[in-house]
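query.csv follows (CSV, N, CA and C atoms):
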```csv
chain,number,residue,atom,x,y,z
A,493,MET,N,0.9,-1.2,0.0
A,493,MET,CA,0.0,0.0,0.0
A,493,MET,C,0.9,1.2,0.0
A,494,HIS,N,0.6,2.2,-0.8
A,494,HIS,CA,1.4,3.4,-0.9
A,494,HIS,C,0.7,4.6,-0.2
A,495,HIS,N,1.4,5.2,0.7
A,495,HIS,CA,0.8,6.4,1.4
A,495,HIS,C,1.6,7.6,0.9
A,496,PRO,N,0.9,8.7,0.9
A,496,PRO,CA,1.6,10.0,0.5
A,496,PRO,C,2.7,10.3,1.5
A,497,LYS,N,3.7,10.9,1.0
A,497,LYS,CA,4.8,11.3,1.9
A,497,LYS,C,4.2,12.4,2.8
A,498,PRO,N,4.7,12.5,4.1
A,498,PRO,CA,4.2,13.5,5.0
A,498,PRO,C,4.2,14.9,4.5
A,499,HIS,N,5.2,15.3,3.6
A,499,HIS,CA,5.2,16.7,3.1
A,499,HIS,C,4.1,16.9,2.1
A,500,ASN,N,3.4,15.9,1.7
A,500,ASN,CA,2.2,16.1,0.8
A,500,ASN,C,0.9,16.2,1.5
A,501,LEU,N,0.9,16.0,2.8
A,501,LEU,CA,-0.3,16.0,3.6
A,501,LEU,C,-0.6,17.4,4.1
A,502,HIS,N,-1.9,17.7,4.2
A,502,HIS,CA,-2.4,19.0,4.7
A,502,HIS,C,-3.3,18.8,5.9
A,503,PRO,N,-3.3,19.7,6.8
A,503,PRO,CA,-4.2,19.6,8.0
A,503,PRO,C,-5.6,19.6,7.5
A,504,VAL,N,-6.5,18.9,8.2
A,504,VAL,CA,-7.9,18.9,8.0
A,504,VAL,C,-8.6,19.3,9.3
A,505,GLU,N,-9.5,20.3,9.2
A,505,GLU,CA,-10.2,20.7,10.3
A,505,GLU,C,-11.4,19.8,10.5
A,506,ILE,N,-11.6,19.3,11.7
A,506,ILE,CA,-12.8,18.5,11.9
A,506,ILE,C,-13.6,19.0,13.1
A,507,ASN,N,-14.8,18.7,13.1
A,507,ASN,CA,-15.7,19.0,14.2
A,507,ASN,C,-16.1,17.6,14.9
A,508,VAL,N,-16.2,17.7,16.2
A,508,VAL,CA,-16.6,16.5,16.9
A,508,VAL,C,-17.9,16.7,17.6
A,509,LEU,N,-18.8,15.7,17.5
A,509,LEU,CA,-20.1,15.7,18.1
A,509,LEU,C,-20.2,14.5,19.0
A,510,LEU,N,-20.6,14.7,20.2
A,510,LEU,CA,-21.0,13.6,21.1
A,510,LEU,C,-22.5,13.6,21.3
A,511,VAL,N,-23.1,12.5,20.8
A,511,VAL,CA,-24.5,12.4,20.8
A,511,VAL,C,-24.9,11.3,21.8
A,512,GLU,N,-25.7,11.7,22.8
A,512,GLU,CA,-26.1,10.7,23.9
A,512,GLU,C,-27.6,10.8,24.1
A,513,GLU,N,-28.2,9.7,24.3
A,513,GLU,CA,-29.6,9.7,24.8
A,513,GLU,C,-29.5,9.9,26.3
A,514,THR,N,-30.4,10.7,26.8
A,514,THR,CA,-30.3,11.0,28.2
A,514,THR,C,-31.1,10.0,29.1
A,515,GLU,N,-32.1,9.3,28.4
A,515,GLU,CA,-32.9,8.4,29.1
A,515,GLU,C,-32.8,7.0,28.4
A,516,LYS,N,-32.9,6.0,29.2
A,516,LYS,CA,-32.9,4.6,28.7
A,516,LYS,C,-34.1,4.4,27.8
A,517,PRO,N,-34.0,3.8,26.6
A,517,PRO,CA,-35.1,3.6,25.7
A,517,PRO,C,-36.1,2.6,26.4
A,518,ALA,N,-37.4,2.8,26.1
A,518,ALA,CA,-38.5,2.0,26.7
A,518,ALA,C,-38.3,0.5,26.4
A,519,ASP,N,-37.7,0.1,25.3
A,519,ASP,CA,-37.5,-1.3,25.1
A,519,ASP,C,-36.4,-1.9,25.9
A,520,GLY,N,-35.7,-1.2,26.8
A,520,GLY,CA,-34.7,-1.7,27.6
A,520,GLY,C,-33.3,-1.7,27.0
A,521,SER,N,-33.2,-1.3,25.7
A,521,SER,CA,-31.9,-1.3,25.1
A,521,SER,C,-31.0,-0.2,25.7
A,522,GLN,N,-29.7,-0.3,25.4
A,522,GLN,CA,-28.8,0.7,25.8
A,522,GLN,C,-29.0,2.1,25.1
A,523,PRO,N,-28.9,3.2,25.8
A,523,PRO,CA,-29.0,4.5,25.2
A,523,PRO,C,-28.0,4.6,24.1
A,524,ILE,N,-28.3,5.4,23.1
A,524,ILE,CA,-27.3,5.7,22.0
A,524,ILE,C,-26.2,6.6,22.5
A,525,ARG,N,-25.0,6.3,22.1
A,525,ARG,CA,-23.9,7.1,22.4
A,525,ARG,C,-22.9,7.1,21.2
A,526,TRP,N,-23.0,8.1,20.4
A,526,TRP,CA,-22.2,8.2,19.2
A,526,TRP,C,-21.1,9.4,19.4
A,527,LEU,N,-19.9,9.1,18.9
A,527,LEU,CA,-18.9,10.1,18.8
A,527,LEU,C,-18.7,10.3,17.3
A,528,LEU,N,-19.2,11.4,16.8
A,528,LEU,CA,-19.2,11.7,15.3
A,528,LEU,C,-18.1,12.7,15.0
A,529,LEU,N,-17.3,12.4,14.0
A,529,LEU,CA,-16.3,13.3,13.5
A,529,LEU,C,-16.7,13.7,12.1
A,530,THR,N,-16.7,15.0,11.8
A,530,THR,CA,-17.1,15.5,10.5
A,530,THR,C,-16.2,16.7,10.1
A,531,THR,N,-16.1,16.8,8.8
A,531,THR,CA,-15.5,18.0,8.2
A,531,THR,C,-16.5,19.1,7.9
A,532,LEU,N,-17.8,18.7,8.1
A,532,LEU,CA,-18.8,19.7,7.8
A,532,LEU,C,-18.8,20.8,8.9
A,533,PRO,N,-19.2,22.0,8.5
A,533,PRO,CA,-19.2,23.1,9.5
A,533,PRO,C,-20.3,22.9,10.5
A,534,ILE,N,-20.1,23.2,11.8
A,534,ILE,CA,-21.1,23.1,12.8
A,534,ILE,C,-21.0,24.4,13.6
A,535,ASP,N,-21.8,25.3,13.2
A,535,ASP,CA,-21.8,26.6,13.9
A,535,ASP,C,-23.0,26.8,14.8
A,536,ASP,N,-24.0,25.9,14.7
A,536,ASP,CA,-25.2,26.1,15.5
A,536,ASP,C,-25.9,24.7,15.6
A,537,PHE,N,-27.0,24.7,16.4
A,537,PHE,CA,-27.7,23.4,16.7
A,537,PHE,C,-28.2,22.8,15.5
A,538,GLN,N,-28.8,23.6,14.5
A,538,GLN,CA,-29.3,23.0,13.3
A,538,GLN,C,-28.3,22.3,12.5
A,539,GLN,N,-27.1,22.8,12.4
A,539,GLN,CA,-26.1,22.1,11.6
A,539,GLN,C,-25.6,20.8,12.4
A,540,ALA,N,-25.5,20.9,13.7
A,540,ALA,CA,-25.2,19.7,14.4
A,540,ALA,C,-26.3,18.6,14.3
A,541,TRP,N,-27.5,19.0,14.4
A,541,TRP,CA,-28.6,18.1,14.2
A,541,TRP,C,-28.7,17.5,12.8
A,542,GLN,N,-28.3,18.3,11.8
A,542,GLN,CA,-28.3,17.7,10.4
A,542,GLN,C,-27.2,16.6,10.3
A,543,CYS,N,-26.1,16.8,10.9
A,543,CYS,CA,-25.1,15.8,10.9
A,543,CYS,C,-25.5,14.5,11.6
A,544,VAL,N,-26.2,14.6,12.7
A,544,VAL,CA,-26.8,13.5,13.4
A,544,VAL,C,-27.8,12.8,12.6
A,545,ARG,N,-28.7,13.5,11.9
A,545,ARG,CA,-29.7,12.9,11.1
A,545,ARG,C,-29.0,12.1,9.9
A,546,TRP,N,-28.1,12.8,9.3
A,546,TRP,CA,-27.4,12.1,8.2
A,546,TRP,C,-26.7,10.8,8.6
A,547,TYR,N,-26.1,10.9,9.8
A,547,TYR,CA,-25.4,9.7,10.3
A,547,TYR,C,-26.4,8.6,10.6
A,548,SER,N,-27.6,8.9,11.1
A,548,SER,CA,-28.6,7.9,11.4
A,548,SER,C,-29.1,7.2,10.1
A,549,TYR,N,-29.0,7.8,9.0
A,549,TYR,CA,-29.4,7.2,7.7
A,549,TYR,C,-28.4,6.1,7.4
A,550,ARG,N,-27.2,6.1,7.9
A,550,ARG,CA,-26.1,5.1,7.6
A,550,ARG,C,-26.6,3.7,7.8
A,551,TRP,N,-27.4,3.5,8.9
A,551,TRP,CA,-27.8,2.1,9.2
A,551,TRP,C,-28.8,1.6,8.2
A,552,LEU,N,-29.7,2.5,7.8
A,552,LEU,CA,-30.7,2.1,6.8
A,552,LEU,C,-30.0,1.8,5.5
A,553,ILE,N,-29.0,2.6,5.1
A,553,ILE,CA,-28.3,2.3,3.8
A,553,ILE,C,-27.5,1.0,3.9
A,554,GLU,N,-26.9,0.8,5.0
A,554,GLU,CA,-26.1,-0.5,5.2
A,554,GLU,C,-27.0,-1.7,5.2
A,555,ARG,N,-28.2,-1.6,5.8
A,555,ARG,CA,-29.1,-2.7,5.8
A,555,ARG,C,-29.7,-2.9,4.4
A,556,PHE,N,-29.9,-1.9,3.6
A,556,PHE,CA,-30.4,-2.0,2.3
A,556,PHE,C,-29.4,-2.7,1.4
A,557,HIS,N,-28.1,-2.3,1.5
A,557,HIS,CA,-27.0,-3.0,0.7
A,557,HIS,C,-26.8,-4.4,1.1
A,558,LYS,N,-26.9,-4.7,2.4
A,558,LYS,CA,-26.8,-6.1,2.9
A,558,LYS,C,-27.9,-7.0,2.3
A,559,THR,N,-29.1,-6.5,2.3
A,559,THR,CA,-30.2,-7.2,1.7
A,559,THR,C,-30.1,-7.3,0.2
A,560,ALA,N,-29.7,-6.3,-0.4
A,560,ALA,CA,-29.5,-6.3,-1.9
A,560,ALA,C,-28.5,-7.3,-2.3
A,561,LYS,N,-27.4,-7.3,-1.5
A,561,LYS,CA,-26.3,-8.3,-1.8
A,561,LYS,C,-26.8,-9.7,-1.7
A,562,LYS,N,-27.6,-10.0,-0.6
A,562,LYS,CA,-28.1,-11.3,-0.4
A,562,LYS,C,-29.0,-11.7,-1.6
A,563,TRP,N,-29.8,-10.8,-2.1
A,563,TRP,CA,-30.7,-11.2,-3.2
A,563,TRP,C,-29.9,-11.3,-4.5
A,564,LEU,N,-28.9,-10.5,-4.7
A,564,LEU,CA,-28.1,-10.6,-5.9
A,564,LEU,C,-27.4,-11.9,-5.9
A,565,THR,N,-26.9,-12.4,-4.8
A,565,THR,CA,-26.3,-13.7,-4.7
A,565,THR,C,-27.3,-14.8,-5.0
A,566,ARG,N,-28.5,-14.7,-4.4
A,566,ARG,CA,-29.5,-15.7,-4.8
A,566,ARG,C,-29.8,-15.7,-6.2
A,567,ALA,N,-29.9,-14.6,-6.8
A,567,ALA,CA,-30.3,-14.5,-8.3
A,567,ALA,C,-29.1,-15.1,-9.1
A,568,LYS,N,-27.9,-14.9,-8.7
A,568,LYS,CA,-26.8,-15.6,-9.4
A,568,LYS,C,-26.8,-17.1,-9.3
A,569,ASN,N,-27.2,-17.6,-8.1
A,569,ASN,CA,-27.3,-19.0,-7.9
A,569,ASN,C,-28.4,-19.7,-8.7
A,570,PHE,N,-29.4,-18.9,-9.1
A,570,PHE,CA,-30.5,-19.4,-9.9
A,570,PHE,C,-30.2,-19.1,-11.4
A,571,ASN,N,-29.0,-18.9,-11.7
A,571,ASN,CA,-28.6,-18.7,-13.1
A,571,ASN,C,-29.2,-17.5,-13.8
A,572,SER,N,-29.6,-16.5,-13.0
A,572,SER,CA,-30.1,-15.3,-13.7
A,572,SER,C,-28.9,-14.6,-14.4
A,573,LYS,N,-29.2,-13.9,-15.4
A,573,LYS,CA,-28.1,-13.2,-16.1
A,573,LYS,C,-27.6,-12.0,-15.2
A,574,PRO,N,-26.3,-12.0,-15.0
A,574,PRO,CA,-25.7,-10.9,-14.1
A,574,PRO,C,-26.2,-9.5,-14.5
A,575,GLU,N,-26.2,-9.2,-15.9
A,575,GLU,CA,-26.6,-7.9,-16.3
A,575,GLU,C,-28.0,-7.6,-15.8
A,576,SER,N,-28.9,-8.5,-15.9
A,576,SER,CA,-30.3,-8.3,-15.5
A,576,SER,C,-30.4,-8.1,-14.0
A,577,VAL,N,-29.6,-8.8,-13.2
A,577,VAL,CA,-29.6,-8.7,-11.8
A,577,VAL,C,-29.1,-7.3,-11.4
A,578,TYR,N,-28.0,-6.9,-11.9
A,578,TYR,CA,-27.4,-5.6,-11.5
A,578,TYR,C,-28.2,-4.5,-12.0
A,579,SER,N,-28.8,-4.6,-13.2
A,579,SER,CA,-29.7,-3.5,-13.6
A,579,SER,C,-30.9,-3.3,-12.7
A,580,LYS,N,-31.5,-4.4,-12.3
A,580,LYS,CA,-32.6,-4.3,-11.3
A,580,LYS,C,-32.1,-3.7,-10.0
A,581,HIS,N,-30.9,-4.1,-9.6
A,581,HIS,CA,-30.4,-3.6,-8.3
A,581,HIS,C,-30.3,-2.0,-8.4
A,582,TRP,N,-29.7,-1.5,-9.5
A,582,TRP,CA,-29.5,-0.1,-9.7
A,582,TRP,C,-30.9,0.6,-9.9
A,583,LEU,N,-31.8,-0.1,-10.5
A,583,LEU,CA,-33.1,0.5,-10.7
A,583,LEU,C,-33.8,0.7,-9.3
A,584,LEU,N,-33.7,-0.3,-8.5
A,584,LEU,CA,-34.2,-0.2,-7.1
A,584,LEU,C,-33.6,1.0,-6.4
A,585,ILE,N,-32.3,1.1,-6.4
A,585,ILE,CA,-31.6,2.2,-5.8
A,585,ILE,C,-32.1,3.5,-6.3
A,586,THR,N,-32.2,3.7,-7.6
A,586,THR,CA,-32.7,4.9,-8.2
A,586,THR,C,-34.1,5.2,-7.8
A,587,LEU,N,-35.0,4.2,-7.7
A,587,LEU,CA,-36.3,4.5,-7.2
A,587,LEU,C,-36.4,4.9,-5.8
A,588,LEU,N,-35.5,4.3,-5.0
A,588,LEU,CA,-35.5,4.6,-3.5
A,588,LEU,C,-35.0,6.0,-3.3
A,589,LEU,N,-34.0,6.4,-4.1
A,589,LEU,CA,-33.4,7.8,-3.9
A,589,LEU,C,-34.2,8.9,-4.5
A,590,GLY,N,-35.0,8.6,-5.5
A,590,GLY,CA,-35.8,9.6,-6.2
A,590,GLY,C,-35.0,10.4,-7.1
A,591,ASP,N,-35.5,11.6,-7.5
A,591,ASP,CA,-34.8,12.5,-8.4
A,591,ASP,C,-33.6,13.1,-7.8
```
For this file, produce the structure as structure tokens.
Amino acid sequence: MHHPKPHNLHPVEINVLLVEETEKPADGSQPIRWLLLTTLPIDDFQQAWQCVRWYSYRWLIERFHKTAKKWLTRAKNFNSKPESVYSKHWLLITLLLGD
């Protein structure tokens, strides 16, 4: 693996958000505690909350891709044409994301 030489690196300004639920969830699970690092500006509560919302979408996206991968694997095992399987996968993503 090749890494840039130290003289080619530039400092990056980051913001740190600590997100904690203050009460235990009703279902008895552990309260959320996230330490988020971002290069996005955080000058007020709205910008901080936007970062938290975007991060929360990560889990939905990961679950979607895990499920899609499972179905793509099944389709390949049933001798579906790979082009058809992948085009359907991307069609689904496009429909979910909208315009």
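Put simply, CA of Ser521 (chain A) is 28.9 Å away from atom N of Trp563 (chain A).
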- Give me the residues within 5 Å of region 530-543 of chain A as a PyMOL selection string, counting only N, CA and C atoms and dropping any in the same chain fewer than 3 places off. chain A and resi 506-507+546-547
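With atom C of Glu554 (chain A) on one side and atom N of Trp526 (chain A) on the other, the separation reads 18.5 Å.
Of the residues listed (A:Ser579, A:Glu515, A:Val544, A:Leu509), A:Leu509 shows the shortest atom-to-atom separation from Leu527 (chain A); distances use only C-alpha atoms.
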- Counting only C-alpha atoms, the residue of A:Ala518, A:Leu510, A:Leu529, A:Leu584 that sits nearest Phe556 (chain A): A:Leu584
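The set of residues in region 502-585 of chain A assigned to strand (DSSP E) by DSSP, using only backbone atoms of this structure, is Asn507, Val508, Leu509, Leu510, Val511, Glu512, Arg525, Trp526, Leu527, Leu528, Leu529 and Thr530 of chain A.
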Those selected residues, please, written with N, CA and C atoms and delivered as a compact mmCIF listing (two decimals), keeping the file's coordinate frame.
```txt
# COMPACT_ATOMS: atom_id res chain seq x y z
N ASN A 507 -14.80 18.70 13.10
CA ASN A 507 -15.70 19.00 14.20
C ASN A 507 -16.10 17.60 14.90
N VAL A 508 -16.20 17.70 16.20
CA VAL A 508 -16.60 16.50 16.90
C VAL A 508 -17.90 16.70 17.60
N LEU A 509 -18.80 15.70 17.50
CA LEU A 509 -20.10 15.70 18.10
C LEU A 509 -20.20 14.50 19.00
N LEU A 510 -20.60 14.70 20.20
CA LEU A 510 -21.00 13.60 21.10
C LEU A 510 -22.50 13.60 21.30
N VAL A 511 -23.10 12.50 20.80
CA VAL A 511 -24.50 12.40 20.80
C VAL A 511 -24.90 11.30 21.80
N GLU A 512 -25.70 11.70 22.80
CA GLU A 512 -26.10 10.70 23.90
C GLU A 512 -27.60 10.80 24.10
N ARG A 525 -25.00 6.30 22.10
CA ARG A 525 -23.90 7.10 22.40
C ARG A 525 -22.90 7.10 21.20
N TRP A 526 -23.00 8.10 20.40
CA TRP A 526 -22.20 8.20 19.20
C TRP A 526 -21.10 9.40 19.40
N LEU A 527 -19.90 9.10 18.90
CA LEU A 527 -18.90 10.10 18.80
C LEU A 527 -18.70 10.30 17.30
N LEU A 528 -19.20 11.40 16.80
CA LEU A 528 -19.20 11.70 15.30
C LEU A 528 -18.10 12.70 15.00
N LEU A 529 -17.30 12.40 14.00
CA LEU A 529 -16.30 13.30 13.50
C LEU A 529 -16.70 13.70 12.10
N THR A 530 -16.70 15.00 11.80
CA THR A 530 -17.10 15.50 10.50
C THR A 530 -16.20 16.70 10.10
```
